[in-house]
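Peer 1: Structure file start_35.pdb (PDB, C-alpha atoms) right here:
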ATOM      1  CA  ILE A 384      74.047 297.309  -9.866
ATOM      2  CA  LEU A 385      76.544 300.151  -9.555
ATOM      3  CA  ASN A 386      75.987 303.089  -7.234
ATOM      4  CA  LEU A 387      78.094 306.057  -8.343
ATOM      5  CA  ILE A 388      78.930 308.883  -5.926
ATOM      6  CA  ASP A 389      80.238 311.995  -7.677
ATOM      7  CA  SER A 390      82.499 313.924  -5.311
ATOM      8  CA  GLN A 391      83.775 317.435  -5.987
ATOM      9  CA  GLY A 392      87.487 317.710  -6.709
ATOM     10  CA  HIS A 393      87.989 321.089  -5.057
ATOM     11  CA  ALA A 394      89.952 321.128  -1.785
ATOM     12  CA  GLU A 395      86.974 322.675   0.042
ATOM     13  CA  PHE A 396      85.048 319.439  -0.506
ATOM     14  CA  SER A 397      87.740 317.084   0.816
ATOM     15  CA  SER A 398      85.511 316.185   3.778
ATOM     16  CA  ASP A 399      82.756 315.113   1.345
ATOM     17  CA  VAL A 400      85.284 312.915  -0.458
ATOM     18  CA  ALA A 401      86.349 311.316   2.834
ATOM     19  CA  SER A 402      82.712 310.582   3.744
ATOM     20  CA  ALA A 403      81.962 309.147   0.313
ATOM     21  CA  LEU A 404      84.974 306.837   0.507
ATOM     22  CA  ARG A 405      83.623 305.246   3.672
ATOM     23  CA  VAL A 406      80.653 303.855   1.754
ATOM     24  CA  SER A 407      82.564 302.928  -1.425
ATOM     25  CA  ASP A 408      84.439 299.843  -2.608
ATOM     26  CA  GLY A 409      86.258 301.336  -5.605
ATOM     27  CA  ALA A 410      87.225 304.696  -7.080
ATOM     28  CA  LEU A 411      87.161 305.970 -10.658
ATOM     29  CA  ILE A 412      89.958 308.532 -10.967
ATOM     30  CA  VAL A 413      89.444 310.961 -13.867
ATOM     31  CA  VAL A 414      92.394 312.960 -15.242
ATOM     32  CA  ASP A 415      92.826 315.367 -18.162
ATOM     33  CA  CYS A 416      94.652 313.761 -21.103
ATOM     34  CA  ILE A 417      96.634 316.971 -21.684
ATOM     35  CA  SER A 418      97.158 318.735 -18.344
ATOM     36  CA  GLY A 419      97.238 315.520 -16.332
ATOM     37  CA  MET A 420      96.240 314.841 -12.746
ATOM     38  CA  ALA A 421      95.186 317.921 -10.791
ATOM     39  CA  LEU A 422      96.542 318.398  -7.259
ATOM     40  CA  GLU A 423      93.055 317.967  -5.783
ATOM     41  CA  THR A 424      92.612 314.716  -7.723
ATOM     42  CA  GLU A 425      95.898 313.384  -6.356
ATOM     43  CA  THR A 426      94.769 314.293  -2.845
ATOM     44  CA  GLY A 427      91.535 312.385  -3.411
ATOM     45  CA  LEU A 428      93.476 309.396  -4.755
ATOM     46  CA  ARG A 429      95.669 309.368  -1.665
ATOM     47  CA  GLN A 430      92.576 309.514   0.549
ATOM     48  CA  ALA A 431      91.091 306.562  -1.335
ATOM     49  CA  LEU A 432      94.236 304.468  -1.043
ATOM     50  CA  GLY A 433      94.443 305.260   2.672
ATOM     51  CA  GLU A 434      90.908 303.872   3.012
ATOM     52  CA  ARG A 435      91.856 300.706   1.081
ATOM     53  CA  ILE A 436      89.797 301.732  -1.933
ATOM     54  CA  LYS A 437      90.962 300.148  -5.176
ATOM     55  CA  PRO A 438      91.240 302.676  -8.040
ATOM     56  CA  VAL A 439      90.837 302.534 -11.799
ATOM     57  CA  LEU A 440      91.735 305.352 -14.192
ATOM     58  CA  ALA A 441      89.881 307.293 -16.884
ATOM     59  CA  ILE A 442      92.000 309.566 -19.098
ATOM     60  CA  ASN A 443      89.464 312.144 -20.239
ATOM     61  CA  LYS A 444      88.939 314.924 -22.807
ATOM     62  CA  LEU A 445      90.263 312.997 -25.797
ATOM     63  CA  ASP A 446      87.983 315.085 -28.007
ATOM     64  CA  GLN A 447      90.086 318.182 -27.269
ATOM     65  CA  GLY A 448      93.248 316.384 -28.292
ATOM     66  CA  PHE A 449      91.735 315.328 -31.623
ATOM     67  CA  LEU A 450      89.741 318.455 -32.482
ATOM     68  CA  GLU A 451      91.563 321.404 -30.941
ATOM     69  CA  LEU A 452      95.192 320.443 -30.368
ATOM     70  CA  GLN A 453      95.415 317.899 -33.212
ATOM     71  CA  LEU A 454      98.339 316.140 -31.587
ATOM     72  CA  GLU A 455     100.462 313.537 -33.317
ATOM     73  CA  TRP A 456      99.658 309.983 -32.276
ATOM     74  CA  GLU A 457     102.972 309.441 -30.507
ATOM     75  CA  MET A 458     102.435 312.624 -28.471
ATOM     76  CA  PHE A 459      99.069 311.229 -27.414
ATOM     77  CA  TYR A 460     100.668 307.945 -26.418
ATOM     78  CA  ASN A 461     103.469 309.626 -24.447
ATOM     79  CA  SER A 462     100.975 311.841 -22.626
ATOM     80  CA  PHE A 463      98.831 308.833 -21.697
ATOM     81  CA  SER A 464     101.909 306.940 -20.500
ATOM     82  CA  ARG A 465     102.935 309.834 -18.242
ATOM     83  CA  GLN A 466      99.485 310.040 -16.632
ATOM     84  CA  ILE A 467      99.479 306.300 -15.954
ATOM     85  CA  GLU A 468     103.016 306.368 -14.571
ATOM     86  CA  MET A 469     102.200 309.289 -12.264
ATOM     87  CA  MET A 470      99.181 307.487 -10.858
ATOM     88  CA  ASN A 471     101.089 304.250 -10.350
ATOM     89  CA  ASN A 472     103.844 306.148  -8.531
ATOM     90  CA  VAL A 473     101.253 307.387  -6.034
ATOM     91  CA  ILE A 474      99.767 303.909  -5.710
ATOM     92  CA  ASP A 475     103.227 302.482  -4.982
ATOM     93  CA  THR A 476     103.520 304.624  -1.849
ATOM     94  CA  TYR A 477     100.390 302.926  -0.440
ATOM     95  CA  ARG A 478     101.333 299.341  -1.191
ATOM     96  CA  ASP A 479      99.135 297.043   0.890
ATOM     97  CA  ASP A 480      99.512 293.259   0.875
ATOM     98  CA  ALA A 481      95.871 292.824   1.896
ATOM     99  CA  MET A 482      94.705 294.426  -1.363
ATOM    100  CA  GLY A 483      97.174 292.843  -3.742
ATOM    101  CA  ASP A 484      98.314 294.573  -6.925
ATOM    102  CA  MET A 485      96.575 297.941  -7.397
ATOM    103  CA  GLN A 486      98.621 299.237 -10.347
ATOM    104  CA  VAL A 487      96.563 300.460 -13.304
ATOM    105  CA  ASP A 488      97.478 299.101 -16.722
ATOM    106  CA  PRO A 489      95.694 299.641 -20.064
ATOM    107  CA  ALA A 490      96.631 296.109 -21.157
ATOM    108  CA  GLN A 491      94.817 294.754 -18.092
ATOM    109  CA  GLY A 492      91.684 296.807 -18.777
ATOM    110  CA  SER A 493      91.987 299.079 -15.726
ATOM    111  CA  VAL A 494      92.443 302.271 -17.771
ATOM    112  CA  ALA A 495      89.723 303.831 -19.923
ATOM    113  CA  PHE A 496      90.287 306.536 -22.545
ATOM    114  CA  THR A 497      87.278 308.844 -22.680
ATOM    115  CA  ALA A 498      85.637 311.957 -24.057
ATOM    116  CA  GLY A 499      83.079 312.501 -21.316
ATOM    117  CA  SER A 500      81.335 315.558 -22.754
ATOM    118  CA  HIS A 501      80.835 313.742 -26.090
ATOM    119  CA  GLY A 502      79.779 310.448 -24.506
ATOM    120  CA  TRP A 503      82.339 308.090 -26.022
ATOM    121  CA  GLY A 504      85.296 306.137 -24.755
ATOM    122  CA  PHE A 505      87.070 302.793 -24.877
ATOM    123  CA  THR A 506      89.315 300.318 -23.106
ATOM    124  CA  LEU A 507      91.989 298.173 -24.738
ATOM    125  CA  PRO A 508      90.057 294.891 -24.287
ATOM    126  CA  GLN A 509      87.328 296.288 -26.563
ATOM    127  CA  PHE A 510      89.786 296.775 -29.422
ATOM    128  CA  ALA A 511      91.620 293.558 -28.551
ATOM    129  CA  ARG A 512      88.456 291.535 -29.146
ATOM    130  CA  PHE A 513      88.003 293.135 -32.573
ATOM    131  CA  TYR A 514      91.628 292.825 -33.710
ATOM    132  CA  GLY A 515      92.098 289.462 -31.999
ATOM    133  CA  ARG A 516      89.529 287.949 -34.339
ATOM    134  CA  LYS A 517      91.183 289.616 -37.312
ATOM    135  CA  PHE A 518      94.718 288.404 -36.487
ATOM    136  CA  LYS A 519      93.554 285.166 -34.832
ATOM    137  CA  ILE A 520      95.319 286.151 -31.620
ATOM    138  CA  PRO A 521      93.810 285.498 -28.142
ATOM    139  CA  GLU A 522      92.295 288.607 -26.561
ATOM    140  CA  GLU A 523      94.729 288.653 -23.633
ATOM    141  CA  LYS A 524      97.777 288.568 -25.922
ATOM    142  CA  MET A 525      96.248 291.174 -28.206
ATOM    143  CA  CYS A 526      95.741 293.480 -25.205
ATOM    144  CA  ASP A 527      99.446 293.213 -24.406
ATOM    145  CA  ARG A 528     100.357 294.100 -27.993
ATOM    146  CA  LEU A 529      98.085 297.140 -28.072
ATOM    147  CA  TRP A 530     100.099 298.888 -25.353
ATOM    148  CA  GLY A 531     103.792 299.499 -24.845
ATOM    149  CA  ASP A 532     106.603 298.815 -27.288
ATOM    150  CA  TYR A 533     104.809 296.593 -29.762
ATOM    151  CA  PHE A 534     104.937 297.630 -33.409
ATOM    152  CA  PHE A 535     103.224 296.246 -36.488
ATOM    153  CA  ILE A 536     104.693 296.730 -39.969
ATOM    154  CA  PRO A 537     101.729 296.590 -42.416
ATOM    155  CA  SER A 538     103.884 296.143 -45.532
ATOM    156  CA  ASP A 539     105.584 293.050 -44.093
ATOM    157  CA  LYS A 540     102.678 291.995 -41.839
ATOM    158  CA  VAL A 541     105.058 291.327 -38.972
ATOM    159  CA  TRP A 542     105.198 292.379 -35.305
ATOM    160  CA  LYS A 543     108.370 293.940 -33.894
ATOM    161  CA  ARG A 544     109.510 295.222 -30.493
ATOM    162  CA  VAL A 545     111.550 298.110 -31.956
ATOM    163  CA  ALA A 546     110.417 300.255 -34.912
ATOM    164  CA  ASP A 547     109.330 303.733 -35.973
ATOM    165  CA  PRO A 548     106.682 305.198 -33.574
ATOM    166  CA  GLN A 549     104.168 305.470 -36.434
ATOM    167  CA  PHE A 550     103.971 301.662 -36.365
ATOM    168  CA  ARG A 551     103.278 301.461 -32.614
ATOM    169  CA  ALA A 552     100.238 299.184 -32.291
ATOM    170  CA  PHE A 553      98.322 301.620 -30.059
ATOM    171  CA  ASN A 554      98.839 304.419 -32.574
ATOM    172  CA  LEU A 555      98.186 302.289 -35.657
ATOM    173  CA  PHE A 556      95.182 300.262 -34.517
ATOM    174  CA  ILE A 557      93.427 302.649 -32.126
ATOM    175  CA  LEU A 558      94.361 306.297 -32.532
ATOM    176  CA  ASP A 559      94.664 306.200 -36.317
ATOM    177  CA  PRO A 560      91.152 304.775 -36.971
ATOM    178  CA  ILE A 561      89.654 307.301 -34.532
ATOM    179  CA  GLY A 562      91.593 310.101 -36.231
ATOM    180  CA  LYS A 563      90.357 309.003 -39.657
ATOM    181  CA  VAL A 564      86.742 309.018 -38.472
ATOM    182  CA  PHE A 565      87.233 312.530 -37.067
ATOM    183  CA  SER A 566      88.787 313.681 -40.354
ATOM    184  CA  ALA A 567      86.056 312.176 -42.543
ATOM    185  CA  VAL A 568      83.277 313.723 -40.456
ATOM    186  CA  MET A 569      84.785 317.193 -40.123
ATOM    187  CA  ASN A 570      85.640 317.296 -43.860
ATOM    188  CA  ASP A 571      82.143 316.176 -44.929
ATOM    189  CA  GLN A 572      83.459 312.979 -46.531
ATOM    190  CA  THR A 573      80.215 311.027 -46.027
ATOM    191  CA  GLU A 574      80.988 308.230 -48.496
ATOM    192  CA  LYS A 575      84.409 307.656 -46.972
ATOM    193  CA  LEU A 576      82.878 307.655 -43.487
ATOM    194  CA  GLN A 577      80.309 305.015 -44.423
ATOM    195  CA  LYS A 578      83.039 302.737 -45.817
ATOM    196  CA  MET A 579      85.037 303.091 -42.618
ATOM    197  CA  LEU A 580      81.998 302.331 -40.467
ATOM    198  CA  LEU A 581      81.378 299.173 -42.490
ATOM    199  CA  ALA A 582      85.022 298.104 -42.040
ATOM    200  CA  LEU A 583      84.772 298.744 -38.299
ATOM    201  CA  GLY A 584      81.718 296.532 -38.134
ATOM    202  CA  PHE A 585      78.862 298.816 -37.100
ATOM    203  CA  LYS A 586      75.978 300.700 -38.656
ATOM    204  CA  MET A 587      74.414 304.061 -37.877
ATOM    205  CA  LYS A 588      70.819 305.182 -38.086
ATOM    206  CA  LYS A 589      69.893 307.033 -41.245
ATOM    207  CA  SER A 590      68.713 309.986 -39.132
ATOM    208  CA  ASP A 591      72.160 310.194 -37.483
ATOM    209  CA  LEU A 592      73.961 310.224 -40.831
ATOM    210  CA  GLU A 593      71.878 313.214 -41.883
ATOM    211  CA  CYS A 594      73.533 315.331 -39.192
ATOM    212  CA  GLU A 595      76.608 317.420 -39.885
ATOM    213  CA  GLY A 596      79.812 318.567 -38.221
ATOM    214  CA  LYS A 597      80.278 318.019 -34.495
ATOM    215  CA  GLU A 598      76.759 316.630 -34.060
ATOM    216  CA  LEU A 599      77.483 313.878 -36.599
ATOM    217  CA  LEU A 600      80.873 313.278 -34.974
ATOM    218  CA  THR A 601      79.327 312.895 -31.528
ATOM    219  CA  ARG A 602      76.658 310.479 -32.770
ATOM    220  CA  THR A 603      79.211 308.465 -34.743
ATOM    221  CA  MET A 604      81.594 308.067 -31.824
ATOM    222  CA  ARG A 605      78.773 307.264 -29.388
ATOM    223  CA  THR A 606      77.534 304.542 -31.710
ATOM    224  CA  TRP A 607      80.987 303.076 -32.287
ATOM    225  CA  LEU A 608      82.496 303.493 -28.812
ATOM    226  CA  PRO A 609      79.726 304.191 -26.263
ATOM    227  CA  LEU A 610      81.131 305.553 -23.024
ATOM    228  CA  ASP A 611      78.692 303.717 -20.768
ATOM    229  CA  LYS A 612      79.712 300.346 -22.182
ATOM    230  CA  ALA A 613      83.443 301.034 -21.741
ATOM    231  CA  LEU A 614      83.103 302.253 -18.154
ATOM    232  CA  LEU A 615      80.643 299.551 -17.107
ATOM    233  CA  ASP A 616      82.938 296.851 -18.481
ATOM    234  CA  MET A 617      85.962 298.269 -16.639
ATOM    235  CA  LEU A 618      84.205 298.956 -13.327
ATOM    236  CA  THR A 619      82.512 295.559 -13.083
ATOM    237  CA  LYS A 620      85.623 293.595 -14.019
ATOM    238  CA  LYS A 621      88.349 295.589 -12.275
ATOM    239  CA  LEU A 622      86.760 296.878  -9.068
ATOM    240  CA  PRO A 623      85.871 294.545  -6.181
ATOM    241  CA  SER A 624      82.352 293.619  -5.148
ATOM    242  CA  PRO A 625      81.193 294.626  -1.634
ATOM    243  CA  VAL A 626      81.802 291.055  -0.446
ATOM    244  CA  GLN A 627      85.386 291.114  -1.732
ATOM    245  CA  ALA A 628      86.186 294.626  -0.500
ATOM    246  CA  GLN A 629      84.893 294.209   3.058
ATOM    247  CA  LYS A 630      87.327 291.336   3.629
ATOM    248  CA  TYR A 631      90.157 293.863   3.887
ATOM    249  CA  ARG A 632      88.200 297.047   4.688
ATOM    250  CA  ALA A 633      86.190 295.881   7.713
ATOM    251  CA  GLU A 634      88.961 296.561  10.217
ATOM    252  CA  LEU A 635      89.123 300.180   9.038
ATOM    253  CA  LEU A 636      85.356 300.694   9.076
ATOM    254  CA  TYR A 637      84.562 299.198  12.485
ATOM    255  CA  SER A 638      85.800 300.804  15.701
ATOM    256  CA  GLY A 639      85.014 297.815  17.940
ATOM    257  CA  PRO A 640      87.004 294.568  18.396
ATOM    258  CA  VAL A 641      88.255 293.365  15.003
ATOM    259  CA  ASP A 642      88.073 289.630  15.610
ATOM    260  CA  ASP A 643      85.580 286.802  15.207
ATOM    261  CA  SER A 644      84.252 287.266  18.732
ATOM    262  CA  ASP A 645      82.405 290.413  17.655
ATOM    263  CA  ALA A 646      79.200 289.749  15.701
ATOM    264  CA  CYS A 647      79.147 293.270  14.228
ATOM    265  CA  PHE A 648      82.676 292.975  12.862
ATOM    266  CA  ARG A 649      81.906 289.549  11.385
ATOM    267  CA  GLY A 650      78.750 290.934   9.823
ATOM    268  CA  ILE A 651      80.598 293.786   8.095
ATOM    269  CA  ARG A 652      83.500 291.600   6.970
ATOM    270  CA  ASP A 653      81.259 288.868   5.562
ATOM    271  CA  CYS A 654      78.425 291.172   4.353
ATOM    272  CA  CYS A 655      76.100 288.942   6.360
ATOM    273  CA  PRO A 656      72.374 289.823   6.070
ATOM    274  CA  GLU A 657      71.695 288.130   9.438
ATOM    275  CA  ALA A 658      74.180 290.295  11.374
ATOM    276  CA  PRO A 659      73.157 293.215  13.639
ATOM    277  CA  LEU A 660      72.136 296.299  11.667
ATOM    278  CA  ILE A 661      74.820 299.014  11.515
ATOM    279  CA  LEU A 662      74.572 302.152   9.365
ATOM    280  CA  TYR A 663      77.390 304.511   8.429
ATOM    281  CA  VAL A 664      75.823 307.894   7.609
ATOM    282  CA  SER A 665      77.846 309.537   4.868
ATOM    283  CA  LYS A 666      75.766 312.660   4.322
ATOM    284  CA  MET A 667      72.645 314.440   5.588
ATOM    285  CA  VAL A 668      70.503 315.647   2.685
ATOM    286  CA  LYS A 669      67.794 318.277   3.097
ATOM    287  CA  ALA A 670      64.312 316.846   2.577
ATOM    288  CA  ALA A 671      61.568 318.561   0.572
ATOM    289  CA  ASP A 672      59.762 319.621   3.736
ATOM    290  CA  LYS A 673      61.618 322.184   5.828
ATOM    291  CA  GLY A 674      63.334 321.129   9.002
ATOM    292  CA  HIS A 675      63.883 317.502   7.976
ATOM    293  CA  PHE A 676      66.882 315.667   6.628
ATOM    294  CA  VAL A 677      67.381 312.343   4.892
ATOM    295  CA  ALA A 678      70.352 310.283   6.062
ATOM    296  CA  PHE A 679      72.371 308.883   3.151
ATOM    297  CA  GLY A 680      74.603 306.012   4.135
ATOM    298  CA  ARG A 681      75.415 302.330   4.015
TER
END
Turn the structure described in the file into structure tokens.

Peer 2:
Amino acid sequence: ILNLIDSQGHAEFSSDVASALRVSDGALIVVDCISGMALETETGLRQALGERIKPVLAINKLDQGFLELQLEWEMFYNSFSRQIEMMNNVIDTYRDDAMGDMQVDPAQGSVAFTAGSHGWGFTLPQFARFYGRKFKIPEEKMCDRLWGDYFFIPSDKVWKRVADPQFRAFNLFILDPIGKVFSAVMNDQTEKLQKMLLALGFKMKKSDLECEGKELLTRTMRTWLPLDKALLDMLTKKLPSPVQAQKYRAELLYSGPVDDSDACFRGIRDCCPEAPLILYVSKMVKAADKGHFVAFGR
């Protein structure tokens, strides 16, 4: 079970972010694929790292890049790389041995590429599983090849570390198929679209295929690359469980003695159901009946 707390990015809500972090074990940082990380988002990231909250990254609004800006694939890749580098630079300033490596890396599955308003998105492990079977390459190695300076020359069927950007594996195996689906849908090339869907290994409902334009595009992408599946896979595999997180967060959460002599500290650190009950109230929410509030906390 995942409990998601959506916190406002505006500076006026920084106190809400701080309260939410106290009852969280991980943070999903969402940035614009074109304009990058907003100042308020960076502030929230720094707050999270200060609270020993492990982050993962979602690079959002891919639909705008494909539909409105129509960027070249290498421009997409360079923009993504800059966003990841900027986030990792911030993470580096909060290096904490207790938490281990917190760097985000697409090849490790800790970065998702999303179009939130259209409901689709993906991580590299999803494509690595598909192409790994095709090339008979283990998923982990395929993930490494789908990011960074790995190039595949289709005419020679060979991998290289230096080549023309058009042969970059990320561009060739991920962005290009997505771009072709966008092109087929927006140009009403239904027959071509159906052939591509078959090659990609999925089918659509007949009622969905009867749609047109952006509605057909949205349904196609949601069927092929559902956003919920991509995010759930990343969050469950890359963010710590409460039991894991409290091992290094307990000393920040508890104001009493942080040693084994204190039953409350032990209870928080070990997530022990037999320990004394302690509640951290994150927010007071107005109840339906006037004059009463509901305490939201952990």

Peer 1: For segment 426-440 of chain A, find every residue with an atom within 6 Å (counting all atoms listed in the file), except residues of its own chain fewer than 6 positions away, and show them as a list in words.

Peer 2: Asp408, Gly409, Ala410, Leu411, Ile412, Ser493 and Val494 of chain A

Peer 1: Excluding Thr506 of chain A and its own-chain neighbours fewer than 6 positions away, which residues fall within 10 Å of it when counting all atoms listed in the file? Please give them as a list in words.

Peer 2: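 That gives Ala441, Pro489, Ala490, Gln491, Gly492, Ser493, Val494, Ala495, Phe496, Thr497, Cys526, Leu608, Leu610, Lys612, Ala613, Leu614, Asp616 and Met617 of chain A.
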
Peer 1: Taking the file above as input, evaluate the PyMOL selection byres ((chain A and resi 678) around 6) and report the hits as a PyMOL selection string.

Peer 2: chain A and resi 667+677+679

Peer 1: Suppose a student applies the PyMOL selection byres ((chain A and resi 405) around 8) to this structure; what residues should they get, written as a PyMOL selection string?

Peer 2: chain A and resi 401-404+406-407+434+636+663+665

Peer 1: Counting all atoms listed in the file, which residue out of A:Trp530, A:Tyr460, A:Phe550, A:Phe556 sits closest to Leu583 of chain A?

Peer 2: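 Closest residue, counting all atoms listed in the file: A:Phe556.
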
Peer 1: Between atom CA of Ile557 of chain A and atom CA of Leu622 of chain A, what distance in Å does the model show, to one decimal?

Peer 2: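 Result for atom CA of Ile557 of chain A versus atom CA of Leu622 of chain A: 24.7 Å, one decimal.
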
Peer 1: Using only C-alpha atoms for the distances, tell me which of A:Pro623, A:Ile442, A:Arg605, A:Tyr637 is nearest to Met485 of chain A.

Peer 2: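 Closest to Met485 of chain A of all the choices is A:Pro623.
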
Peer 1: Run the PyMOL selection byres ((chain A and resi 543) around 10) against the file shown and list the residues it catches, as a PyMOL selection string.

Peer 2: chain A and resi 528+532-536+540-542+544-546+550-552

Peer 1: For Leu635 of chain A, which residue out of A:Ala670, A:Met469, A:Gly562, A:Phe648 is the nearest one, using all atoms listed in the file?

Peer 2: A:Phe648

Peer 1: Go through A:Ser398, A:Gln447, A:Ser390, A:Asn472 and flag the residue nearest Phe565 of chain A, using all atoms listed in the file for the distances.

Peer 2: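 Going through A:Ser398, A:Gln447, A:Ser390, A:Asn472 one by one, the smallest distance to Phe565 of chain A is for A:Gln447.
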
Peer 1: As a list in words, please: the residues near Tyr631 of chain A (cut-off 8 Å, only C-alpha atoms, same-chain neighbours under 2 positions excluded).

Peer 2: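 Listed by chain and then number, they are Arg435, Ala481, Met482, Gln627, Ala628, Gln629, Ala633, Glu634 and Arg652 of chain A.
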
Peer 1: Could you tell me how far atom CA of Ala658 of chain A sits from atom CA of His675 of chain A, in Å to one decimal place?

Peer 2: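 That distance, rounded to one decimal, is 29.3 Å.
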
Peer 1: Which residues are near Ser500 of chain A? Cut-off 9 Å, all atoms listed in the file, ignore same chain within fewer than 3 positions. Put them as a list in words.

Peer 2: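 So the residues in contact are Lys444, Asp446, Thr497 and Trp503 of chain A.
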